$ cat upload30.txt   # compact mmCIF, C-alpha atoms and all ligand atoms
# COMPACT_ATOMS: atom_id res chain seq x y z
CA MET F 1 -238.01 128.26 37.86
CA PRO F 2 -235.65 128.43 34.85
CA SER F 3 -233.63 125.26 34.28
CA THR F 4 -229.94 125.55 35.20
CA ARG F 5 -229.08 122.94 32.58
CA ARG F 6 -230.76 124.81 29.73
CA ALA F 7 -228.93 127.64 27.94
CA LEU F 8 -229.97 130.15 25.30
CA ILE F 9 -227.33 131.37 22.83
CA THR F 10 -228.04 134.41 20.66
CA GLY F 11 -225.67 134.47 17.68
CA VAL F 12 -225.45 130.67 17.63
CA THR F 13 -224.71 130.66 13.87
CA GLY F 14 -221.56 132.77 14.41
CA GLN F 15 -218.00 131.65 15.10
CA ASP F 16 -218.27 131.80 18.90
CA GLY F 17 -221.87 130.57 19.00
CA SER F 18 -220.87 127.34 17.28
CA TYR F 19 -217.98 126.62 19.67
CA LEU F 20 -220.04 127.57 22.71
CA ALA F 21 -222.91 125.30 21.61
CA GLU F 22 -220.43 122.41 21.30
CA LEU F 23 -219.05 123.10 24.76
CA LEU F 24 -222.49 123.31 26.40
CA LEU F 25 -223.67 120.12 24.69
CA SER F 26 -220.56 118.35 25.97
CA GLN F 27 -221.48 119.54 29.49
CA GLY F 28 -224.95 118.01 29.15
CA TYR F 29 -226.89 121.24 28.57
CA GLU F 30 -230.02 121.53 26.53
CA VAL F 31 -229.03 124.23 24.03
CA ILE F 32 -231.53 126.69 22.58
CA GLY F 33 -230.05 128.62 19.65
CA MET F 34 -231.69 131.82 18.48
CA VAL F 35 -231.53 132.38 14.71
CA ARG F 36 -232.76 135.32 12.71
CA ARG F 37 -234.79 134.92 9.59
CA SER F 38 -232.91 135.09 6.30
CA SER F 39 -233.77 134.15 2.74
CA THR F 40 -231.04 131.52 2.62
CA VAL F 41 -230.06 129.09 5.35
CA ASN F 42 -226.84 130.03 7.08
CA PHE F 43 -226.12 127.12 9.43
CA GLU F 44 -222.70 125.99 8.12
CA ARG F 45 -220.94 126.38 11.45
CA ILE F 46 -223.55 124.39 13.37
CA ALA F 47 -224.52 121.83 10.69
CA HIS F 48 -222.63 119.08 12.55
CA ILE F 49 -224.61 119.65 15.78
CA GLN F 50 -227.86 120.99 14.36
CA ASP F 51 -229.87 117.92 15.32
CA ARG F 52 -228.78 118.35 18.96
CA ILE F 53 -229.69 122.04 19.29
CA ARG F 54 -233.17 123.49 19.39
CA LEU F 55 -233.18 126.41 16.92
CA VAL F 56 -235.76 129.12 17.60
CA PRO F 57 -236.52 132.22 15.51
CA GLY F 58 -235.77 135.62 17.03
CA ASP F 59 -233.87 138.85 16.58
CA VAL F 60 -232.20 141.22 19.04
CA LEU F 61 -233.93 144.06 17.20
CA ASP F 62 -237.30 142.63 18.26
CA GLU F 63 -237.96 142.49 22.00
CA VAL F 64 -241.22 140.54 21.65
CA SER F 65 -239.36 137.66 20.00
CA LEU F 66 -236.91 137.63 22.92
CA LEU F 67 -239.70 137.64 25.50
CA GLU F 68 -241.46 134.76 23.78
CA ILE F 69 -238.30 132.64 23.61
CA LEU F 70 -237.53 133.25 27.28
CA ARG F 71 -241.13 132.56 28.39
CA GLU F 72 -241.33 129.37 26.39
CA HIS F 73 -237.89 127.86 27.12
CA ARG F 74 -236.92 129.37 30.50
CA PRO F 75 -233.12 129.03 30.15
CA GLY F 76 -231.06 129.31 33.33
CA GLU F 77 -228.17 130.79 31.33
CA VAL F 78 -228.32 133.30 28.47
CA TYR F 79 -225.25 134.01 26.33
CA ASN F 80 -225.68 137.16 24.26
CA LEU F 81 -223.31 136.74 21.31
CA ALA F 82 -225.52 138.35 18.65
CA ALA F 83 -224.10 141.53 17.16
CA GLN F 84 -223.14 143.35 14.00
CA SER F 85 -219.54 142.38 14.74
CA PHE F 86 -217.49 143.63 11.78
CA VAL F 87 -215.77 146.89 12.73
CA GLN F 88 -215.39 148.19 9.16
CA THR F 89 -219.11 147.81 8.45
CA SER F 90 -219.94 149.84 11.54
CA TRP F 91 -218.91 153.09 9.80
CA ARG F 92 -221.22 152.30 6.88
CA GLN F 93 -224.10 151.17 9.09
CA PRO F 94 -223.67 153.02 12.39
CA VAL F 95 -227.36 153.14 13.29
CA PHE F 96 -227.96 149.45 12.57
CA THR F 97 -224.78 148.63 14.53
CA GLY F 98 -226.13 150.64 17.46
CA GLU F 99 -229.51 148.90 17.27
CA ALA F 100 -228.07 145.38 17.27
CA THR F 101 -224.79 145.68 19.16
CA ALA F 102 -225.84 148.30 21.75
CA LEU F 103 -229.63 148.41 22.21
CA GLY F 104 -229.92 144.68 21.49
CA VAL F 105 -228.26 144.13 24.88
CA THR F 106 -230.87 146.22 26.69
CA ARG F 107 -233.67 144.38 24.91
CA ILE F 108 -232.42 141.02 26.06
CA LEU F 109 -231.55 142.14 29.59
CA ASP F 110 -235.00 143.68 29.93
CA ALA F 111 -236.68 140.56 28.60
CA ILE F 112 -234.79 138.50 31.23
CA ARG F 113 -235.76 141.00 33.95
CA LEU F 114 -239.44 140.62 32.98
CA THR F 115 -239.39 136.81 32.76
CA ASP F 116 -236.78 135.06 34.94
CA PRO F 117 -234.51 137.71 36.51
CA GLU F 118 -232.58 134.98 38.34
CA SER F 119 -231.28 133.60 35.01
CA ARG F 120 -227.58 134.17 34.48
CA PHE F 121 -226.45 136.45 31.65
CA TYR F 122 -223.23 136.71 29.63
CA GLN F 123 -222.48 139.78 27.50
CA ALA F 124 -219.92 139.52 24.67
CA SER F 125 -217.94 142.69 25.34
CA SER F 126 -214.85 143.51 23.32
CA SER F 127 -211.29 144.81 23.47
CA GLU F 128 -212.44 147.31 20.79
CA MET F 129 -213.81 149.29 23.76
CA PHE F 130 -210.18 150.18 24.66
CA GLY F 131 -209.58 151.66 21.19
CA ARG F 132 -206.94 154.37 21.52
CA VAL F 133 -205.50 152.63 24.55
CA ARG F 134 -205.01 154.56 27.77
CA GLU F 135 -202.49 152.04 29.13
CA THR F 136 -200.73 148.84 28.06
CA PRO F 137 -201.57 146.06 28.71
CA GLN F 138 -205.32 146.63 29.13
CA ASN F 139 -207.19 145.19 32.11
CA GLU F 140 -210.70 145.41 33.60
CA LEU F 141 -209.93 148.87 35.10
CA THR F 142 -208.47 150.45 31.95
CA SER F 143 -210.64 153.35 30.68
CA PHE F 144 -212.47 152.93 27.41
CA TYR F 145 -211.75 155.06 24.31
CA PRO F 146 -213.59 153.36 21.43
CA ARG F 147 -212.56 154.26 17.88
CA SER F 148 -215.46 152.97 15.78
CA PRO F 149 -219.28 152.94 15.93
CA TYR F 150 -218.87 149.23 16.79
CA GLY F 151 -216.58 150.03 19.73
CA VAL F 152 -218.96 152.73 20.94
CA ALA F 153 -221.90 150.29 20.74
CA LYS F 154 -219.95 147.68 22.73
CA VAL F 155 -219.20 150.26 25.45
CA TYR F 156 -222.94 150.83 25.76
CA GLY F 157 -223.58 147.06 25.89
CA HIS F 158 -220.94 146.68 28.58
CA TRP F 159 -222.27 149.44 30.81
CA ILE F 160 -225.93 148.43 30.48
CA THR F 161 -224.88 144.95 31.62
CA VAL F 162 -223.13 146.45 34.67
CA ASN F 163 -226.17 148.67 35.24
CA TYR F 164 -228.69 145.79 35.25
CA ARG F 165 -226.42 143.90 37.62
CA GLU F 166 -226.31 146.86 40.00
CA SER F 167 -229.92 148.05 39.54
CA TYR F 168 -231.71 144.70 39.71
CA GLY F 169 -229.14 142.39 41.32
CA MET F 170 -229.02 140.28 38.16
CA HIS F 171 -226.25 137.71 37.65
CA ALA F 172 -224.95 139.57 34.59
CA SER F 173 -221.30 139.22 33.58
CA SER F 174 -219.30 140.85 30.83
CA GLY F 175 -216.40 139.11 29.10
CA ILE F 176 -214.02 141.65 27.56
CA LEU F 177 -212.63 139.33 24.94
CA PHE F 178 -209.66 140.25 22.79
CA ASN F 179 -209.60 139.07 19.15
CA HIS F 180 -210.11 135.33 18.84
CA GLU F 181 -209.96 133.42 15.62
CA SER F 182 -210.37 129.94 14.16
CA PRO F 183 -211.00 128.13 10.89
CA ARG F 184 -214.66 129.18 11.44
CA ARG F 185 -213.85 132.89 11.45
CA GLY F 186 -215.79 135.01 8.93
CA LEU F 187 -213.87 135.58 5.69
CA GLU F 188 -213.81 139.39 6.06
CA PHE F 189 -211.77 139.44 9.31
CA VAL F 190 -208.06 139.86 8.69
CA THR F 191 -206.77 136.50 9.99
CA ARG F 192 -209.17 134.45 7.90
CA LYS F 193 -208.84 136.79 4.93
CA VAL F 194 -205.09 136.12 5.01
CA THR F 195 -205.26 132.34 5.60
CA HIS F 196 -207.97 131.85 2.97
CA GLY F 197 -206.06 134.14 0.60
CA VAL F 198 -202.89 132.07 1.12
CA ALA F 199 -204.81 128.88 0.33
CA LYS F 200 -206.20 130.42 -2.88
CA ILE F 201 -202.75 131.60 -3.99
CA LYS F 202 -201.27 128.19 -3.18
CA ALA F 203 -203.99 126.54 -5.29
CA GLY F 204 -203.26 128.90 -8.19
CA LEU F 205 -206.69 130.56 -7.98
CA GLU F 206 -205.29 134.02 -7.10
CA THR F 207 -201.95 135.80 -7.32
CA GLU F 208 -202.36 138.68 -4.88
CA LEU F 209 -203.95 139.54 -1.56
CA ARG F 210 -205.12 143.12 -0.94
CA LEU F 211 -204.96 144.33 2.65
CA GLY F 212 -205.12 147.58 4.63
CA ASN F 213 -202.94 148.58 7.60
CA LEU F 214 -200.12 146.06 8.03
CA GLU F 215 -198.77 147.75 11.16
CA SER F 216 -201.76 147.36 13.44
CA LYS F 217 -201.24 144.96 16.32
CA ARG F 218 -203.70 142.64 18.00
CA ASP F 219 -203.79 140.11 20.83
CA TRP F 220 -205.05 137.12 18.82
CA GLY F 221 -206.17 133.90 20.54
CA TYR F 222 -208.03 130.73 19.59
CA ALA F 223 -211.85 130.98 19.72
CA GLY F 224 -212.26 127.30 20.64
CA GLU F 225 -210.77 127.96 24.07
CA TYR F 226 -212.26 131.45 24.65
CA VAL F 227 -215.80 130.06 24.93
CA LYS F 228 -214.69 128.10 28.01
CA ALA F 229 -214.05 131.43 29.74
CA MET F 230 -217.62 132.56 28.91
CA TRP F 231 -219.12 129.46 30.47
CA THR F 232 -216.85 129.60 33.54
CA MET F 233 -217.93 133.20 34.23
CA LEU F 234 -221.54 132.07 34.58
CA GLN F 235 -220.55 129.27 37.00
CA GLN F 236 -219.19 131.80 39.55
CA ASP F 237 -221.24 132.66 42.65
CA GLU F 238 -220.91 136.38 41.86
CA PRO F 239 -221.23 138.08 38.46
CA ASP F 240 -218.24 140.16 37.36
CA ASP F 241 -216.24 141.50 34.39
CA TYR F 242 -213.18 139.74 32.99
CA VAL F 243 -210.55 140.43 30.35
CA VAL F 244 -209.87 137.33 28.25
CA ALA F 245 -206.66 137.51 26.19
CA THR F 246 -203.32 135.80 25.49
CA GLY F 247 -201.10 138.65 26.74
CA GLU F 248 -199.14 138.72 23.45
CA THR F 249 -199.47 141.12 20.56
CA HIS F 250 -198.55 140.68 16.89
CA SER F 251 -198.86 142.82 13.77
CA VAL F 252 -200.80 142.10 10.59
CA ARG F 253 -197.38 141.98 8.90
CA GLU F 254 -196.28 139.11 11.21
CA LEU F 255 -199.58 137.37 10.52
CA CYS F 256 -198.76 137.51 6.79
CA GLU F 257 -195.22 136.24 7.30
CA ILE F 258 -196.33 133.18 9.27
CA ALA F 259 -199.34 132.37 7.07
CA PHE F 260 -197.50 132.57 3.72
CA ASP F 261 -194.50 130.75 5.15
CA ARG F 262 -196.73 127.86 6.21
CA ALA F 263 -197.67 127.37 2.55
CA GLY F 264 -194.07 127.79 1.33
CA LEU F 265 -194.82 131.24 -0.15
CA ASP F 266 -193.12 134.66 0.17
CA TRP F 267 -195.71 137.13 1.52
CA GLU F 268 -193.99 140.17 0.00
CA ALA F 269 -194.50 138.73 -3.49
CA HIS F 270 -198.28 138.63 -3.04
CA VAL F 271 -199.53 141.20 -0.49
CA VAL F 272 -200.65 144.55 -1.90
CA VAL F 273 -201.67 147.44 0.34
CA ASP F 274 -205.03 148.81 -0.79
CA GLU F 275 -206.35 151.92 0.89
CA GLN F 276 -209.97 150.82 0.60
CA PHE F 277 -209.21 148.55 3.60
CA LEU F 278 -207.87 151.38 5.77
CA ARG F 279 -210.23 152.58 8.52
CA PRO F 280 -211.34 156.15 9.27
CA ALA F 281 -209.95 155.70 12.80
CA GLU F 282 -207.66 152.79 13.65
CA VAL F 283 -207.00 150.86 16.84
CA ASP F 284 -203.22 150.62 16.63
CA LEU F 285 -202.33 148.22 19.40
CA LEU F 286 -204.19 145.89 21.74
CA VAL F 287 -202.75 143.54 24.32
CA GLY F 288 -204.72 142.18 27.23
CA ASP F 289 -203.85 141.41 30.83
CA ALA F 290 -205.98 138.36 31.67
CA SER F 291 -204.55 137.79 35.15
CA LYS F 292 -207.97 138.21 36.80
CA ALA F 293 -209.46 135.48 34.58
CA ARG F 294 -206.50 133.27 35.43
CA ALA F 295 -206.78 133.84 39.19
CA LYS F 296 -210.58 133.68 39.54
CA LEU F 297 -211.69 131.45 36.65
CA GLY F 298 -208.56 129.31 36.31
CA TRP F 299 -208.60 130.24 32.59
CA LYS F 300 -205.47 130.71 30.50
CA ALA F 301 -204.87 130.77 26.74
CA GLU F 302 -203.00 127.67 25.58
CA VAL F 303 -202.84 128.04 21.78
CA GLY F 304 -200.07 130.40 20.67
CA PHE F 305 -200.18 132.82 17.74
CA ALA F 306 -198.06 130.82 15.26
CA GLU F 307 -199.96 127.62 16.08
CA LEU F 308 -203.29 129.41 15.53
CA VAL F 309 -202.27 130.88 12.16
CA GLN F 310 -200.85 127.55 10.98
CA MET F 311 -204.03 125.74 12.04
CA MET F 312 -206.09 128.21 10.00
CA VAL F 313 -203.84 127.99 6.90
CA ASP F 314 -203.95 124.17 7.01
CA ALA F 315 -207.74 124.21 7.39
CA ASP F 316 -208.17 126.59 4.44
CA ILE F 317 -205.84 124.59 2.19
CA ASP F 318 -207.81 121.49 3.11
CA LEU F 319 -211.13 123.27 2.52
CA LEU F 320 -210.13 124.37 -0.99
CA ARG F 321 -208.89 120.87 -1.83
CA ARG F 322 -212.25 119.41 -0.82
CA GLN F 323 -214.13 122.07 -2.79
P1 LIG H 401 -219.96 136.55 14.26
O1 LIG H 401 -219.30 135.33 13.72
O2 LIG H 401 -220.05 137.77 13.40
O3 LIG H 401 -221.45 136.13 14.73
C1 LIG H 401 -222.41 137.10 15.05
C2 LIG H 401 -223.72 136.39 15.30
O4 LIG H 401 -224.72 137.38 15.63
C3 LIG H 401 -224.27 135.61 14.08
O5 LIG H 401 -224.85 134.41 14.55
C4 LIG H 401 -225.34 136.55 13.54
O6 LIG H 401 -226.36 135.90 12.84
C5 LIG H 401 -225.88 137.11 14.85
N1 LIG H 401 -226.67 138.33 14.67
C6 LIG H 401 -226.30 139.48 14.07
N2 LIG H 401 -227.30 140.37 14.12
C7 LIG H 401 -228.32 139.79 14.77
C8 LIG H 401 -229.62 140.19 15.13
N3 LIG H 401 -230.09 141.40 14.82
N4 LIG H 401 -230.41 139.33 15.84
C9 LIG H 401 -229.96 138.09 16.13
N5 LIG H 401 -228.75 137.63 15.78
C10 LIG H 401 -227.93 138.48 15.12
O7 LIG H 401 -219.24 137.01 15.61
P2 LIG H 401 -218.30 136.18 16.63
O8 LIG H 401 -216.90 136.38 16.21
O9 LIG H 401 -218.83 134.82 16.82
O10 LIG H 401 -218.49 137.04 17.95
C11 LIG H 401 -219.54 136.75 18.88
C12 LIG H 401 -219.79 137.97 19.74
O11 LIG H 401 -218.58 138.32 20.43
C13 LIG H 401 -220.21 139.22 18.99
O12 LIG H 401 -221.07 139.95 19.83
C14 LIG H 401 -218.91 139.99 18.82
O13 LIG H 401 -219.17 141.35 18.66
C15 LIG H 401 -218.23 139.66 20.12
N6 LIG H 401 -216.78 139.67 20.13
C16 LIG H 401 -216.09 138.96 19.20
C17 LIG H 401 -214.71 138.94 19.26
C18 LIG H 401 -213.90 138.13 18.29
O14 LIG H 401 -212.69 138.36 18.20
N7 LIG H 401 -214.49 137.15 17.60
C19 LIG H 401 -214.04 139.63 20.29
C20 LIG H 401 -214.79 140.33 21.23
C21 LIG H 401 -216.17 140.34 21.15
P3 LIG H 401 -226.26 135.61 11.24
O15 LIG H 401 -225.46 134.33 11.12
O16 LIG H 401 -227.68 135.49 10.86
O17 LIG H 401 -225.55 136.77 10.62
O1 LIG H 402 -209.07 143.68 11.92
C1 LIG H 402 -206.33 145.39 10.15
C2 LIG H 402 -207.48 146.23 10.64
O2 LIG H 402 -211.33 143.09 11.07
C3 LIG H 402 -207.89 143.53 12.67
C4 LIG H 402 -213.96 141.67 15.63
O3 LIG H 402 -214.16 140.32 15.98
O4 LIG H 402 -212.01 141.80 17.02
C5 LIG H 402 -212.48 141.99 15.69
O5 LIG H 402 -212.29 143.35 15.29
C6 LIG H 402 -206.85 144.55 12.24
C7 LIG H 402 -207.37 145.98 12.14
O6 LIG H 402 -210.72 142.66 13.51
C8 LIG H 402 -207.16 144.41 6.77
O7 LIG H 402 -207.31 147.60 10.26
C9 LIG H 402 -205.46 145.27 7.80
O8 LIG H 402 -206.42 146.86 12.69
O9 LIG H 402 -209.77 141.24 11.78
P1 LIG H 402 -210.28 142.60 11.99
P2 LIG H 402 -210.99 143.86 14.53
O10 LIG H 402 -211.35 145.11 13.84
O11 LIG H 402 -209.84 143.91 15.47
C10 LIG H 402 -212.65 142.62 18.01
C11 LIG H 402 -212.07 142.26 19.36
C12 LIG H 402 -214.13 142.55 17.95
O12 LIG H 402 -214.82 142.69 18.96
C13 LIG H 402 -214.76 142.55 16.59
O13 LIG H 402 -216.09 142.05 16.65
O14 LIG H 402 -206.41 144.21 10.93
N1 LIG H 402 -206.42 145.05 8.73
N2 LIG H 402 -205.89 144.90 6.58
C14 LIG H 402 -207.48 144.51 8.12
N3 LIG H 402 -208.67 144.10 8.62
C15 LIG H 402 -209.56 143.57 7.75
N4 LIG H 402 -210.74 143.11 8.23
N5 LIG H 402 -209.30 143.47 6.41
C16 LIG H 402 -208.11 143.87 5.86
O15 LIG H 402 -207.89 143.79 4.67

$ encode --input "upload30.txt" --output "structure tokens"
Amino acid sequence: MPSTRRALITGVTGQDGSYLAELLLSQGYEVIGMVRRSSTVNFERIAHIQDRIRLVPGDVLDEVSLLEILREHRPGEVYNLAAQSFVQTSWRQPVFTGEATALGVTRILDAIRLTDPESRFYQASSSEMFGRVRETPQNELTSFYPRSPYGVAKVYGHWITVNYRESYGMHASSGILFNHESPRRGLEFVTRKVTHGVAKIKAGLETELRLGNLESKRDWGYAGEYVKAMWTMLQQDEPDDYVVATGETHSVRELCEIAFDRAGLDWEAHVVVDEQFLRPAEVDLLVGDASKARAKLGWKAEVGFAELVQMMVDADIDLLRRQ
């Protein structure tokens, strides 16, 4: 039997993987973190907990590695967070994005089916699946209309999760998470690009910040609390799909206003629109209706947008000071 107190996280070196590992450790889990081979070590986000996690080599492109990890460690819960997750890159690398973000889900589901099909599974689905939105706000029943190879790959990952649940009776759940950010966010995503850019301008290291579409709107929440929703989904008797969001939407322009203001700077004096950051097809507006997660999981976003942006600006100013 797989152990219910042992969890496997794919993508443990990422933003969400690091917060989820912390949460599971605090709940007394034995945490197995899958890491892919690279020529340089990339464990910054988990350095503070590295000695408490068991790191194992594997890749969602390689089903044998997944089978071996599952056979050896027999986790009762598997959180699939691994993906090529940057939307812009997905136009440049659509096939790789499909391999990792779409087919990677089938590889791991199939490996679970062949080893311990009673293990519980979480799939990191995304609000990018809603793309050119069919209704506002978006909920679990809203139709998908993805606008990027990444969004298309996530739609595949979502439906294969539903399919394994229905075909094999697996406890497979899909969290449709809207954008969530933190001081651990990758530097290429717009929130962190802005807050890190503000910190560099404040420190006198840069004078301008080049961005793309300032009008696009997102439902931005705090990653540290979104991982709680992932875990709670796997504690339910029945697997299901849930939207996880704040219910508020803000533009990139508002993000800039709040972030520069936090550092005592005027955003209009520094932000330059550069068309290299525009996308071939944009997702103009996302805002989630997380009432199902609230009713069934008791989950609700607590950290507001301004608080989140200010937290990230403060963390980046502090980071640059220490560097
Ligand atoms: P992230 O910071 O980009 O982390 C992605 C993780 O996936 C990294 O640990 C990365 O490893 C790993 N990975 C990539 N390709 C892999 C492969 N072929 N095999 C094994 N591991 C691989 O992303 P995140 O923000 O934490 O997001 C976590 C998941 O939630 C992703 O699936 C993302 O698409 C999804 N999601 C994110 C958001 C959001 O707003 N953050 C919203 C909805 C859904 P390396 O460190 O080696 O690169
Ligand atoms: O872009 C606009 C850009 O790259 C947000 C991923 O975690 O969340 C994330 O995907 C918006 C877009 O995130 C720049 O055009 C303007 O409209 O921060 P982002 P994303 O594409 O929403 C979803 C839920 C995921 O699942 C993904 O994995 O900001 N924008 N100027 C810019 N974006 C970037 N990156 N850089 C700019 O200069």

$ residues_near_ligand --input "upload30.txt" --ligand "ligand LIG 402 (chain H)" --cutoff "9 Å" --atoms "all atoms listed in the file" --output "ChimeraX atom specification"
/F:83-88,124-129,150-151,154,176-181,185-194,209-220,251-253,273-274,276-279,281-286

$ write_last_selection --input "upload30.txt" --atoms "C-alpha atoms" --output "PDB file, in the frame of the given file"
ATOM      1  CA  ALA F  83    -224.100 141.530  17.160  1.00  0.00           C
ATOM      2  CA  GLN F  84    -223.140 143.350  14.000  1.00  0.00           C
ATOM      3  CA  SER F  85    -219.540 142.380  14.740  1.00  0.00           C
ATOM      4  CA  PHE F  86    -217.490 143.630  11.780  1.00  0.00           C
ATOM      5  CA  VAL F  87    -215.770 146.890  12.730  1.00  0.00           C
ATOM      6  CA  GLN F  88    -215.390 148.190   9.160  1.00  0.00           C
ATOM      7  CA  ALA F 124    -219.920 139.520  24.670  1.00  0.00           C
ATOM      8  CA  SER F 125    -217.940 142.690  25.340  1.00  0.00           C
ATOM      9  CA  SER F 126    -214.850 143.510  23.320  1.00  0.00           C
ATOM     10  CA  SER F 127    -211.290 144.810  23.470  1.00  0.00           C
ATOM     11  CA  GLU F 128    -212.440 147.310  20.790  1.00  0.00           C
ATOM     12  CA  MET F 129    -213.810 149.290  23.760  1.00  0.00           C
ATOM     13  CA  TYR F 150    -218.870 149.230  16.790  1.00  0.00           C
ATOM     14  CA  GLY F 151    -216.580 150.030  19.730  1.00  0.00           C
ATOM     15  CA  LYS F 154    -219.950 147.680  22.730  1.00  0.00           C
ATOM     16  CA  ILE F 176    -214.020 141.650  27.560  1.00  0.00           C
ATOM     17  CA  LEU F 177    -212.630 139.330  24.940  1.00  0.00           C
ATOM     18  CA  PHE F 178    -209.660 140.250  22.790  1.00  0.00           C
ATOM     19  CA  ASN F 179    -209.600 139.070  19.150  1.00  0.00           C
ATOM     20  CA  HIS F 180    -210.110 135.330  18.840  1.00  0.00           C
ATOM     21  CA  GLU F 181    -209.960 133.420  15.620  1.00  0.00           C
ATOM     22  CA  ARG F 185    -213.850 132.890  11.450  1.00  0.00           C
ATOM     23  CA  GLY F 186    -215.790 135.010   8.930  1.00  0.00           C
ATOM     24  CA  LEU F 187    -213.870 135.580   5.690  1.00  0.00           C
ATOM     25  CA  GLU F 188    -213.810 139.390   6.060  1.00  0.00           C
ATOM     26  CA  PHE F 189    -211.770 139.440   9.310  1.00  0.00           C
ATOM     27  CA  VAL F 190    -208.060 139.860   8.690  1.00  0.00           C
ATOM     28  CA  THR F 191    -206.770 136.500   9.990  1.00  0.00           C
ATOM     29  CA  ARG F 192    -209.170 134.450   7.900  1.00  0.00           C
ATOM     30  CA  LYS F 193    -208.840 136.790   4.930  1.00  0.00           C
ATOM     31  CA  VAL F 194    -205.090 136.120   5.010  1.00  0.00           C
ATOM     32  CA  LEU F 209    -203.950 139.540  -1.560  1.00  0.00           C
ATOM     33  CA  ARG F 210    -205.120 143.120  -0.940  1.00  0.00           C
ATOM     34  CA  LEU F 211    -204.960 144.330   2.650  1.00  0.00           C
ATOM     35  CA  GLY F 212    -205.120 147.580   4.630  1.00  0.00           C
ATOM     36  CA  ASN F 213    -202.940 148.580   7.600  1.00  0.00           C
ATOM     37  CA  LEU F 214    -200.120 146.060   8.030  1.00  0.00           C
ATOM     38  CA  GLU F 215    -198.770 147.750  11.160  1.00  0.00           C
ATOM     39  CA  SER F 216    -201.760 147.360  13.440  1.00  0.00           C
ATOM     40  CA  LYS F 217    -201.240 144.960  16.320  1.00  0.00           C
ATOM     41  CA  ARG F 218    -203.700 142.640  18.000  1.00  0.00           C
ATOM     42  CA  ASP F 219    -203.790 140.110  20.830  1.00  0.00           C
ATOM     43  CA  TRP F 220    -205.050 137.120  18.820  1.00  0.00           C
ATOM     44  CA  SER F 251    -198.860 142.820  13.770  1.00  0.00           C
ATOM     45  CA  VAL F 252    -200.800 142.100  10.590  1.00  0.00           C
ATOM     46  CA  ARG F 253    -197.380 141.980   8.900  1.00  0.00           C
ATOM     47  CA  VAL F 273    -201.670 147.440   0.340  1.00  0.00           C
ATOM     48  CA  ASP F 274    -205.030 148.810  -0.790  1.00  0.00           C
ATOM     49  CA  GLN F 276    -209.970 150.820   0.600  1.00  0.00           C
ATOM     50  CA  PHE F 277    -209.210 148.550   3.600  1.00  0.00           C
ATOM     51  CA  LEU F 278    -207.870 151.380   5.770  1.00  0.00           C
ATOM     52  CA  ARG F 279    -210.230 152.580   8.520  1.00  0.00           C
ATOM     53  CA  ALA F 281    -209.950 155.700  12.800  1.00  0.00           C
ATOM     54  CA  GLU F 282    -207.660 152.790  13.650  1.00  0.00           C
ATOM     55  CA  VAL F 283    -207.000 150.860  16.840  1.00  0.00           C
ATOM     56  CA  ASP F 284    -203.220 150.620  16.630  1.00  0.00           C
ATOM     57  CA  LEU F 285    -202.330 148.220  19.400  1.00  0.00           C
ATOM     58  CA  LEU F 286    -204.190 145.890  21.740  1.00  0.00           C
TER      59      LEU F 286
END

$ residues_around --input "upload30.txt" --residues "Lys296 (chain F)" --least-positions-apart "4" --cutoff "9 Å" --atoms "all atoms listed in the file" --output "ChimeraX atom specification"
/F:236,291-292

$ atom_distance --input "upload30.txt" --atom1 "CA of Gly17 (chain F)" --atom2 "CA of Phe130 (chain F)"
23.5 Å

$ residues_around --input "upload30.txt" --residues "Thr4 (chain F)" --least-positions-apart "4" --cutoff "7 Å" --atoms "all atoms listed in the file" --output "ChimeraX atom specification"
/F:75-77

$ closest_residue --input "upload30.txt" --among "F:Val78, F:Leu20, F:Ile258, F:Val287" --to "Leu8 (chain F)" --atoms "only C-alpha atoms"
F:Val78

$ residues_near_point --input "upload30.txt" --point "(-207.1, 128.5, 9.4)" --cutoff "12 Å" --atoms "all atoms listed in the file" --output "tab-separated table (two decimals) with C-alpha atoms, keeping the file's coordinate frame"
chain	number	residue	atom	x	y	z
F	181	GLU	CA	-209.96	133.42	15.62
F	182	SER	CA	-210.37	129.94	14.16
F	183	PRO	CA	-211.00	128.13	10.89
F	184	ARG	CA	-214.66	129.18	11.44
F	185	ARG	CA	-213.85	132.89	11.45
F	186	GLY	CA	-215.79	135.01	8.93
F	187	LEU	CA	-213.87	135.58	5.69
F	189	PHE	CA	-211.77	139.44	9.31
F	190	VAL	CA	-208.06	139.86	8.69
F	191	THR	CA	-206.77	136.50	9.99
F	192	ARG	CA	-209.17	134.45	7.90
F	193	LYS	CA	-208.84	136.79	4.93
F	194	VAL	CA	-205.09	136.12	5.01
F	195	THR	CA	-205.26	132.34	5.60
F	196	HIS	CA	-207.97	131.85	2.97
F	197	GLY	CA	-206.06	134.14	0.60
F	198	VAL	CA	-202.89	132.07	1.12
F	199	ALA	CA	-204.81	128.88	0.33
F	222	TYR	CA	-208.03	130.73	19.59
F	223	ALA	CA	-211.85	130.98	19.72
F	255	LEU	CA	-199.58	137.37	10.52
F	258	ILE	CA	-196.33	133.18	9.27
F	259	ALA	CA	-199.34	132.37	7.07
F	260	PHE	CA	-197.50	132.57	3.72
F	262	ARG	CA	-196.73	127.86	6.21
F	263	ALA	CA	-197.67	127.37	2.55
F	305	PHE	CA	-200.18	132.82	17.74
F	306	ALA	CA	-198.06	130.82	15.26
F	307	GLU	CA	-199.96	127.62	16.08
F	308	LEU	CA	-203.29	129.41	15.53
F	309	VAL	CA	-202.27	130.88	12.16
F	310	GLN	CA	-200.85	127.55	10.98
F	311	MET	CA	-204.03	125.74	12.04
F	312	MET	CA	-206.09	128.21	10.00
F	313	VAL	CA	-203.84	127.99	6.90
F	314	ASP	CA	-203.95	124.17	7.01
F	315	ALA	CA	-207.74	124.21	7.39
F	316	ASP	CA	-208.17	126.59	4.44
F	317	ILE	CA	-205.84	124.59	2.19
F	318	ASP	CA	-207.81	121.49	3.11
F	319	LEU	CA	-211.13	123.27	2.52
F	320	LEU	CA	-210.13	124.37	-0.99
